[in-house]
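Structure data follow from structure_38.pdb (PDB, C-alpha atoms):
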```
ATOM      1  CA  MET A   1     -10.377  13.298 -32.329  1.00  0.00           C
ATOM      2  CA  ASP A   2     -13.966  12.338 -31.539  1.00  0.00           C
ATOM      3  CA  ARG A   3     -14.819  13.416 -27.991  1.00  0.00           C
ATOM      4  CA  LEU A   4     -16.368  10.086 -27.052  1.00  0.00           C
ATOM      5  CA  LYS A   5     -13.268   8.203 -28.184  1.00  0.00           C
ATOM      6  CA  ARG A   6     -10.960  10.644 -26.380  1.00  0.00           C
ATOM      7  CA  ASN A   7     -12.909  10.410 -23.126  1.00  0.00           C
ATOM      8  CA  LEU A   8     -12.987   6.624 -23.290  1.00  0.00           C
ATOM      9  CA  GLN A   9      -9.211   6.688 -23.667  1.00  0.00           C
ATOM     10  CA  LEU A  10      -8.896   9.093 -20.744  1.00  0.00           C
ATOM     11  CA  ALA A  11     -11.196   6.901 -18.657  1.00  0.00           C
ATOM     12  CA  GLY A  12      -9.073   3.841 -19.457  1.00  0.00           C
ATOM     13  CA  PHE A  13      -5.904   5.713 -18.537  1.00  0.00           C
ATOM     14  CA  ASN A  14      -7.395   6.889 -15.243  1.00  0.00           C
ATOM     15  CA  ILE A  15      -8.657   3.451 -14.277  1.00  0.00           C
ATOM     16  CA  ALA A  16      -5.327   1.828 -15.148  1.00  0.00           C
ATOM     17  CA  ALA A  17      -3.355   4.458 -13.216  1.00  0.00           C
ATOM     18  CA  LEU A  18      -5.532   4.175 -10.111  1.00  0.00           C
ATOM     19  CA  ALA A  19      -5.518   0.369 -10.216  1.00  0.00           C
ATOM     20  CA  GLY A  20      -1.746   0.344 -10.625  1.00  0.00           C
ATOM     21  CA  ALA A  21      -1.331   2.746  -7.725  1.00  0.00           C
ATOM     22  CA  ALA A  22      -3.647   0.674  -5.513  1.00  0.00           C
ATOM     23  CA  MET A  23      -1.518  -2.414  -6.164  1.00  0.00           C
ATOM     24  CA  LEU A  24       1.986  -0.972  -6.326  1.00  0.00           C
ATOM     25  CA  LEU A  25       2.324   2.005  -3.988  1.00  0.00           C
ATOM     26  CA  SER A  26       3.829   1.272  -0.609  1.00  0.00           C
ATOM     27  CA  TYR A  27       1.163   2.923   1.542  1.00  0.00           C
ATOM     28  CA  VAL A  28      -0.625   0.546   3.911  1.00  0.00           C
ATOM     29  CA  ASN A  29      -4.146   1.839   3.316  1.00  0.00           C
ATOM     30  CA  VAL A  30      -5.673   1.368  -0.159  1.00  0.00           C
ATOM     31  CA  TRP A  31      -7.540   4.659   0.134  1.00  0.00           C
ATOM     32  CA  GLU A  32      -4.253   6.401   0.876  1.00  0.00           C
ATOM     33  CA  ARG A  33      -2.787   4.962  -2.333  1.00  0.00           C
ATOM     34  CA  VAL A  34      -5.828   6.144  -4.287  1.00  0.00           C
ATOM     35  CA  SER A  35      -5.549   9.558  -2.614  1.00  0.00           C
ATOM     36  CA  VAL A  36      -1.920   9.982  -3.693  1.00  0.00           C
ATOM     37  CA  ALA A  37      -2.509   8.712  -7.245  1.00  0.00           C
ATOM     38  CA  SER A  38      -5.609  10.837  -7.809  1.00  0.00           C
ATOM     39  CA  ALA A  39      -3.753  13.921  -6.534  1.00  0.00           C
ATOM     40  CA  TRP A  40      -1.017  13.518  -9.146  1.00  0.00           C
ATOM     41  CA  LEU A  41      -3.538  12.719 -11.885  1.00  0.00           C
ATOM     42  CA  CYS A  42      -5.534  15.827 -10.977  1.00  0.00           C
ATOM     43  CA  MET A  43      -2.401  17.965 -11.189  1.00  0.00           C
ATOM     44  CA  LEU A  44      -1.456  16.378 -14.518  1.00  0.00           C
ATOM     45  CA  PHE A  45      -4.832  16.966 -16.162  1.00  0.00           C
ATOM     46  CA  LEU A  46      -5.365  20.430 -14.674  1.00  0.00           C
ATOM     47  CA  SER A  47      -1.911  21.567 -15.782  1.00  0.00           C
ATOM     48  CA  GLY A  48      -2.461  20.133 -19.254  1.00  0.00           C
ATOM     49  CA  ALA A  49      -5.839  21.822 -19.593  1.00  0.00           C
ATOM     50  CA  LEU A  50      -4.536  25.229 -18.539  1.00  0.00           C
ATOM     51  CA  LEU A  51      -1.468  25.017 -20.775  1.00  0.00           C
ATOM     52  CA  ILE A  52      -3.377  24.495 -24.020  1.00  0.00           C
ATOM     53  CA  GLY A  53      -4.397  28.134 -24.448  1.00  0.00           C
ATOM     54  CA  PRO A  54      -1.015  29.695 -23.541  1.00  0.00           C
ATOM     55  CA  LEU A  55       0.878  27.224 -25.736  1.00  0.00           C
ATOM     56  CA  ARG A  56      -1.367  27.974 -28.696  1.00  0.00           C
ATOM     57  CA  ARG A  57      -0.879  31.709 -28.211  1.00  0.00           C
ATOM     58  CA  ALA A  58       2.873  31.255 -27.790  1.00  0.00           C
ATOM     59  CA  ALA A  59       2.894  29.430 -31.128  1.00  0.00           C
ATOM     60  CA  GLY A  60       0.977  32.281 -32.782  1.00  0.00           C
ATOM     61  CA  GLN A  61      -2.253  30.290 -33.061  1.00  0.00           C
ATOM     62  CA  ALA A  62      -5.745  31.306 -32.082  1.00  0.00           C
ATOM     63  CA  ALA A  63      -6.959  30.215 -28.653  1.00  0.00           C
ATOM     64  CA  PRO A  64     -10.770  30.295 -28.740  1.00  0.00           C
ATOM     65  CA  ALA A  65     -12.785  30.272 -25.537  1.00  0.00           C
ATOM     66  CA  ASN A  66     -14.073  26.759 -26.143  1.00  0.00           C
ATOM     67  CA  ILE A  67     -11.498  24.058 -26.916  1.00  0.00           C
ATOM     68  CA  TYR A  68     -12.944  20.584 -26.399  1.00  0.00           C
ATOM     69  CA  LEU A  69      -9.608  18.978 -25.533  1.00  0.00           C
ATOM     70  CA  ARG A  70      -9.060  21.585 -22.821  1.00  0.00           C
ATOM     71  CA  ARG A  71     -12.572  21.067 -21.513  1.00  0.00           C
ATOM     72  CA  ASP A  72     -12.213  17.267 -21.456  1.00  0.00           C
ATOM     73  CA  LEU A  73      -8.902  17.439 -19.593  1.00  0.00           C
ATOM     74  CA  GLY A  74     -10.496  19.864 -17.164  1.00  0.00           C
ATOM     75  CA  ILE A  75     -13.406  17.486 -16.567  1.00  0.00           C
ATOM     76  CA  TRP A  76     -11.047  14.635 -15.715  1.00  0.00           C
ATOM     77  CA  ALA A  77      -8.989  16.948 -13.515  1.00  0.00           C
ATOM     78  CA  GLY A  78     -12.148  17.829 -11.605  1.00  0.00           C
ATOM     79  CA  LEU A  79     -13.201  14.197 -11.246  1.00  0.00           C
ATOM     80  CA  GLN A  80      -9.771  13.185  -9.996  1.00  0.00           C
ATOM     81  CA  GLY A  81      -9.686  16.166  -7.651  1.00  0.00           C
ATOM     82  CA  LEU A  82     -13.013  15.159  -6.116  1.00  0.00           C
ATOM     83  CA  LEU A  83     -11.850  11.549  -5.845  1.00  0.00           C
ATOM     84  CA  HIS A  84      -8.709  12.769  -4.084  1.00  0.00           C
ATOM     85  CA  SER A  85     -10.801  14.864  -1.729  1.00  0.00           C
ATOM     86  CA  TYR A  86     -13.009  11.899  -0.870  1.00  0.00           C
ATOM     87  CA  ALA A  87     -10.126   9.449  -0.532  1.00  0.00           C
ATOM     88  CA  GLY A  88      -8.144  11.916   1.562  1.00  0.00           C
ATOM     89  CA  THR A  89     -11.132  12.481   3.829  1.00  0.00           C
ATOM     90  CA  VAL A  90     -11.644   8.738   4.288  1.00  0.00           C
ATOM     91  CA  VAL A  91      -7.967   8.342   5.168  1.00  0.00           C
ATOM     92  CA  SER A  92      -7.629  11.408   7.386  1.00  0.00           C
ATOM     93  CA  MET A  93     -10.796  11.068   9.430  1.00  0.00           C
ATOM     94  CA  ASN A  94      -9.067   9.191  12.221  1.00  0.00           C
ATOM     95  CA  GLN A  95      -6.964  10.499  15.059  1.00  0.00           C
ATOM     96  CA  SER A  96      -3.852   8.422  14.398  1.00  0.00           C
ATOM     97  CA  TYR A  97      -3.567   9.769  10.848  1.00  0.00           C
ATOM     98  CA  ILE A  98      -3.985  13.374  12.000  1.00  0.00           C
ATOM     99  CA  ASP A  99      -1.469  12.797  14.799  1.00  0.00           C
ATOM    100  CA  ALA A 100       1.086  11.555  12.266  1.00  0.00           C
ATOM    101  CA  PHE A 101       0.824  14.849  10.388  1.00  0.00           C
ATOM    102  CA  VAL A 102       0.239  17.348  13.169  1.00  0.00           C
ATOM    103  CA  ASN A 103       1.456  16.176  16.534  1.00  0.00           C
ATOM    104  CA  ALA A 104       4.730  14.649  15.433  1.00  0.00           C
ATOM    105  CA  ASP A 105       7.271  17.256  16.458  1.00  0.00           C
ATOM    106  CA  ALA A 106       9.567  16.388  13.555  1.00  0.00           C
ATOM    107  CA  PRO A 107      12.392  18.789  12.681  1.00  0.00           C
ATOM    108  CA  PRO A 108      12.604  21.274  11.140  1.00  0.00           C
ATOM    109  CA  LEU A 109       8.908  21.924  11.849  1.00  0.00           C
ATOM    110  CA  ASN A 110       7.395  22.009  15.308  1.00  0.00           C
ATOM    111  CA  ALA A 111       3.845  20.875  16.056  1.00  0.00           C
ATOM    112  CA  THR A 112       2.394  24.389  15.794  1.00  0.00           C
ATOM    113  CA  VAL A 113       3.739  24.942  12.271  1.00  0.00           C
ATOM    114  CA  ARG A 114       2.622  21.462  11.237  1.00  0.00           C
ATOM    115  CA  TYR A 115      -0.881  22.162  12.522  1.00  0.00           C
ATOM    116  CA  GLU A 116      -1.068  25.424  10.558  1.00  0.00           C
ATOM    117  CA  LEU A 117       0.111  23.674   7.368  1.00  0.00           C
ATOM    118  CA  PHE A 118      -2.395  20.869   7.864  1.00  0.00           C
ATOM    119  CA  PHE A 119      -5.278  23.234   8.638  1.00  0.00           C
ATOM    120  CA  TRP A 120      -4.737  25.700   5.808  1.00  0.00           C
ATOM    121  CA  SER A 121      -3.907  23.060   3.203  1.00  0.00           C
ATOM    122  CA  GLY A 122      -7.077  21.216   4.202  1.00  0.00           C
ATOM    123  CA  THR A 123      -9.087  24.426   3.963  1.00  0.00           C
ATOM    124  CA  GLY A 124      -7.607  25.115   0.538  1.00  0.00           C
ATOM    125  CA  ALA A 125      -8.500  21.590  -0.568  1.00  0.00           C
ATOM    126  CA  PHE A 126     -12.121  22.175   0.468  1.00  0.00           C
ATOM    127  CA  VAL A 127     -12.257  25.379  -1.582  1.00  0.00           C
ATOM    128  CA  VAL A 128     -10.729  23.576  -4.582  1.00  0.00           C
ATOM    129  CA  SER A 129     -13.381  20.854  -4.292  1.00  0.00           C
ATOM    130  CA  LEU A 130     -16.124  23.492  -4.444  1.00  0.00           C
ATOM    131  CA  LEU A 131     -14.435  25.077  -7.472  1.00  0.00           C
ATOM    132  CA  PHE A 132     -14.222  21.696  -9.213  1.00  0.00           C
ATOM    133  CA  ILE A 133     -17.918  21.054  -8.609  1.00  0.00           C
ATOM    134  CA  PHE A 134     -18.754  24.499 -10.001  1.00  0.00           C
ATOM    135  CA  LEU A 135     -16.523  24.018 -13.060  1.00  0.00           C
ATOM    136  CA  LEU A 136     -17.988  20.578 -13.757  1.00  0.00           C
ATOM    137  CA  LEU A 137     -21.494  22.033 -13.586  1.00  0.00           C
ATOM    138  CA  ILE A 138     -20.686  24.607 -16.294  1.00  0.00           C
ATOM    139  CA  SER A 139     -18.627  22.290 -18.494  1.00  0.00           C
ATOM    140  CA  SER A 140     -21.455  21.397 -20.877  1.00  0.00           C
ATOM    141  CA  ASP A 141     -22.419  22.984 -24.200  1.00  0.00           C
ATOM    142  CA  ARG A 142     -25.799  23.820 -22.667  1.00  0.00           C
ATOM    143  CA  ALA A 143     -24.125  25.859 -19.915  1.00  0.00           C
ATOM    144  CA  LEU A 144     -21.977  27.611 -22.522  1.00  0.00           C
ATOM    145  CA  ARG A 145     -25.053  28.620 -24.530  1.00  0.00           C
ATOM    146  CA  TRP A 146     -26.979  29.665 -21.418  1.00  0.00           C
ATOM    147  CA  LEU A 147     -24.210  31.800 -19.917  1.00  0.00           C
ATOM    148  CA  GLY A 148     -22.837  33.184 -23.176  1.00  0.00           C
ATOM    149  CA  VAL A 149     -19.211  32.918 -24.219  1.00  0.00           C
ATOM    150  CA  ASP A 150     -17.887  35.950 -22.341  1.00  0.00           C
ATOM    151  CA  ARG A 151     -19.519  35.144 -18.999  1.00  0.00           C
ATOM    152  CA  TRP A 152     -18.732  31.430 -19.358  1.00  0.00           C
ATOM    153  CA  LYS A 153     -15.075  32.213 -19.985  1.00  0.00           C
ATOM    154  CA  LYS A 154     -14.902  34.453 -16.911  1.00  0.00           C
ATOM    155  CA  PHE A 155     -16.278  31.661 -14.775  1.00  0.00           C
ATOM    156  CA  GLN A 156     -13.879  29.177 -16.353  1.00  0.00           C
ATOM    157  CA  ARG A 157     -10.929  31.305 -15.230  1.00  0.00           C
ATOM    158  CA  SER A 158     -11.616  30.156 -11.685  1.00  0.00           C
ATOM    159  CA  ALA A 159      -9.674  27.068 -12.795  1.00  0.00           C
ATOM    160  CA  TYR A 160      -6.523  29.155 -12.332  1.00  0.00           C
ATOM    161  CA  VAL A 161      -7.474  29.700  -8.696  1.00  0.00           C
ATOM    162  CA  ALA A 162      -8.003  25.951  -8.386  1.00  0.00           C
ATOM    163  CA  LEU A 163      -4.529  25.350  -9.807  1.00  0.00           C
ATOM    164  CA  TRP A 164      -2.833  27.768  -7.398  1.00  0.00           C
ATOM    165  CA  LEU A 165      -4.609  26.267  -4.397  1.00  0.00           C
ATOM    166  CA  THR A 166      -3.884  22.743  -5.614  1.00  0.00           C
ATOM    167  CA  VAL A 167      -0.185  23.568  -5.857  1.00  0.00           C
ATOM    168  CA  LEU A 168      -0.090  25.082  -2.362  1.00  0.00           C
ATOM    169  CA  HIS A 169      -2.041  22.139  -0.941  1.00  0.00           C
ATOM    170  CA  GLY A 170       0.278  19.625  -2.593  1.00  0.00           C
ATOM    171  CA  LEU A 171       3.463  21.356  -1.508  1.00  0.00           C
ATOM    172  CA  ALA A 172       2.228  21.626   2.080  1.00  0.00           C
ATOM    173  CA  PHE A 173       1.582  17.902   2.295  1.00  0.00           C
ATOM    174  CA  GLN A 174       4.934  17.022   0.743  1.00  0.00           C
ATOM    175  CA  ILE A 175       6.544  19.078   3.539  1.00  0.00           C
ATOM    176  CA  LEU A 176       4.392  17.448   6.227  1.00  0.00           C
ATOM    177  CA  GLU A 177       5.310  13.979   5.003  1.00  0.00           C
ATOM    178  CA  GLY A 178       8.979  14.877   4.575  1.00  0.00           C
ATOM    179  CA  ARG A 179       8.928  13.723   0.940  1.00  0.00           C
ATOM    180  CA  TYR A 180      11.386  16.154  -0.564  1.00  0.00           C
ATOM    181  CA  LEU A 181      11.910  14.447  -3.942  1.00  0.00           C
ATOM    182  CA  PRO A 182       8.164  14.584  -4.720  1.00  0.00           C
ATOM    183  CA  PHE A 183       8.221  18.149  -3.345  1.00  0.00           C
ATOM    184  CA  ALA A 184      10.950  19.074  -5.842  1.00  0.00           C
ATOM    185  CA  VAL A 185       9.111  17.369  -8.718  1.00  0.00           C
ATOM    186  CA  PHE A 186       5.848  19.070  -7.770  1.00  0.00           C
ATOM    187  CA  ALA A 187       7.560  22.451  -7.490  1.00  0.00           C
ATOM    188  CA  VAL A 188       9.289  22.095 -10.878  1.00  0.00           C
ATOM    189  CA  ILE A 189       6.048  21.091 -12.616  1.00  0.00           C
ATOM    190  CA  SER A 190       4.269  24.046 -11.031  1.00  0.00           C
ATOM    191  CA  LEU A 191       6.955  26.536 -12.058  1.00  0.00           C
ATOM    192  CA  VAL A 192       6.972  25.225 -15.633  1.00  0.00           C
ATOM    193  CA  VAL A 193       3.184  25.530 -15.850  1.00  0.00           C
ATOM    194  CA  PHE A 194       3.132  29.069 -14.485  1.00  0.00           C
ATOM    195  CA  TRP A 195       6.061  30.146 -16.669  1.00  0.00           C
ATOM    196  CA  LEU A 196       4.442  28.802 -19.845  1.00  0.00           C
ATOM    197  CA  GLN A 197       1.163  30.475 -18.931  1.00  0.00           C
ATOM    198  CA  PHE A 198       2.948  33.786 -18.373  1.00  0.00           C
ATOM    199  CA  ARG A 199       4.895  33.416 -21.633  1.00  0.00           C
ATOM    200  CA  GLY A 200       1.763  32.571 -23.601  1.00  0.00           C
ATOM    201  CA  ARG A 201      -0.110  35.550 -22.216  1.00  0.00           C
ATOM    202  CA  ARG A 202       2.773  37.913 -22.988  1.00  0.00           C
ATOM    203  CA  ARG A 203       2.812  36.692 -26.595  1.00  0.00           C
ATOM    204  CA  SER A 204      -0.901  37.390 -26.904  1.00  0.00           C
ATOM    205  CA  ALA A 205      -0.669  40.862 -25.325  1.00  0.00           C
TER     206      ALA A 205
END
```

Would you write the structure of this file as structure tokens?
Amino acid sequence: MDRLKRNLQLAGFNIAALAGAAMLLSYVNVWERVSVASAWLCMLFLSGALLIGPLRRAAGQAAPANIYLRRDLGIWAGLQGLLHSYAGTVVSMNQSYIDAFVNADAPPLNATVRYELFFWSGTGAFVVSLLFIFLLLISSDRALRWLGVDRWKKFQRSAYVALWLTVLHGLAFQILEGRYLPFAVFAVISLVVFWLQFRGRRRSA
């Protein structure tokens, strides 16, 4: 598929999903709705991008360093991740929102454990945002030519770190909000992604 056409389709999908979330989700604040929707979209695109190589290897096909579909999905994952970071910051930069996450002594977690989850998941989110910015900066053909395939591919593998931190960040906030069905869905998606990656790499070994 032509890259321009594919990215226009991805842009349309993203806009429709975010608009639908802004109108339909039950959160009071619009930015909170955008934050939740962009988080799930980021996870969807990042998982899809990182599964392409392992699935191709598992099927006995070649998995070259540069696959445009994988790169395009990664770009949209990064954009959604940065949108989530911004929207989450807009939402969370007030005391009442932080109190709802941290100071509520809701069982089975006391305030100290909730604070640690909030702090470390927020720190992880900041690191992921920096990784997304870095990955977006090297996502062009010019960067690929300048760095060379081997070095470019090594840098691209930082996307796996971004995925791990994204998963931990997402699971922590599902626990803080007491949303155990989304927690289960998030955990299952994560396990499937990691299992398929492991299987694909074993097939290629």

Practice problem: May I ask for the distance between atom CA of Leu82 of chain A and atom CA of Leu4 of chain A, given in Å to one decimal place? | Solution: 21.8 Å

Evaluate the PyMOL selection byres ((chain A and resi 43) around 12) and report residues as a CSV table (one decimal) with C-alpha atoms, in the coordinates of the input:
```csv
chain,number,residue,atom,x,y,z
A,36,VAL,CA,-1.9,10.0,-3.7
A,37,ALA,CA,-2.5,8.7,-7.2
A,38,SER,CA,-5.6,10.8,-7.8
A,39,ALA,CA,-3.8,13.9,-6.5
A,40,TRP,CA,-1.0,13.5,-9.1
A,41,LEU,CA,-3.5,12.7,-11.9
A,42,CYS,CA,-5.5,15.8,-11.0
A,44,LEU,CA,-1.5,16.4,-14.5
A,45,PHE,CA,-4.8,17.0,-16.2
A,46,LEU,CA,-5.4,20.4,-14.7
A,47,SER,CA,-1.9,21.6,-15.8
A,48,GLY,CA,-2.5,20.1,-19.3
A,49,ALA,CA,-5.8,21.8,-19.6
A,50,LEU,CA,-4.5,25.2,-18.5
A,51,LEU,CA,-1.5,25.0,-20.8
A,73,LEU,CA,-8.9,17.4,-19.6
A,74,GLY,CA,-10.5,19.9,-17.2
A,76,TRP,CA,-11.0,14.6,-15.7
A,77,ALA,CA,-9.0,16.9,-13.5
A,78,GLY,CA,-12.1,17.8,-11.6
A,79,LEU,CA,-13.2,14.2,-11.2
A,80,GLN,CA,-9.8,13.2,-10.0
A,81,GLY,CA,-9.7,16.2,-7.7
A,84,HIS,CA,-8.7,12.8,-4.1
A,159,ALA,CA,-9.7,27.1,-12.8
A,160,TYR,CA,-6.5,29.2,-12.3
A,162,ALA,CA,-8.0,26.0,-8.4
A,163,LEU,CA,-4.5,25.4,-9.8
A,164,TRP,CA,-2.8,27.8,-7.4
A,165,LEU,CA,-4.6,26.3,-4.4
A,166,THR,CA,-3.9,22.7,-5.6
A,167,VAL,CA,-0.2,23.6,-5.9
A,168,LEU,CA,-0.1,25.1,-2.4
A,169,HIS,CA,-2.0,22.1,-0.9
A,170,GLY,CA,0.3,19.6,-2.6
A,171,LEU,CA,3.5,21.4,-1.5
A,185,VAL,CA,9.1,17.4,-8.7
A,186,PHE,CA,5.8,19.1,-7.8
A,187,ALA,CA,7.6,22.5,-7.5
A,189,ILE,CA,6.0,21.1,-12.6
A,190,SER,CA,4.3,24.0,-11.0
A,193,VAL,CA,3.2,25.5,-15.8
```

Quiz item: How far is it from atom CA of Asp141 of chain A to atom CA of Asn66 of chain A, in Å with one decimal?
Solution: 9.4 Å

Quiz item: Just so the selection is clear, what residues does the PyMOL selection byres ((chain A and resi 65) around 9) cover here, as a list in words?
Solution: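 What the PyMOL selection byres ((chain A and resi 65) around 9) grabs from the file is Gly53, Ala63, Pro64, Asn66, Ile67, Val149, Asp150, Trp152 and Lys153 of chain A.
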
Practice problem: Tell me which of A:Ser139, A:Leu8, A:Leu83, A:Arg56 sits closest to Arg33 of chain A, counting only C-alpha atoms. | Solution: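 Of all the options, A:Leu83 lies closest to Arg33 of chain A.
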
Would you give the centre and edge lengths, in Å to one decimal, of a box along x, y and z around the listed atoms of segment 129-139 of chain A, with 8 Å added to each side, as JSON?
```
{"center_x": -17.4, "center_y": 22.8, "center_z": -11.4, "size_x": 24.1, "size_y": 20.5, "size_z": 30.2}
```

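Note that atom CA of Arg157 of chain A and atom CA of Gln61 of chain A are 19.9 Å apart.
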
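Nearest to Ala87 of chain A of all the residues A:Gln174, A:Gln156, A:Gln197, A:Leu18 is A:Leu18, based on all atoms listed in the file.
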
Self-check item: Residues returned when the PyMOL selection byres ((chain A and resi 126) around 12) runs on this file, as a PyMOL selection string
Solution: chain A and resi 81-82+84-86+88-89+119-125+127-133+162+165-166+169

Quiz item: Taking into account only C-alpha atoms, which residue in the set A:Val34, A:Leu135, A:Ala58, A:Ile98 is nearest to Tyr115 of chain A?
Solution: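 Residue with the minimum atom-to-atom distance to Tyr115 of chain A: A:Ile98.
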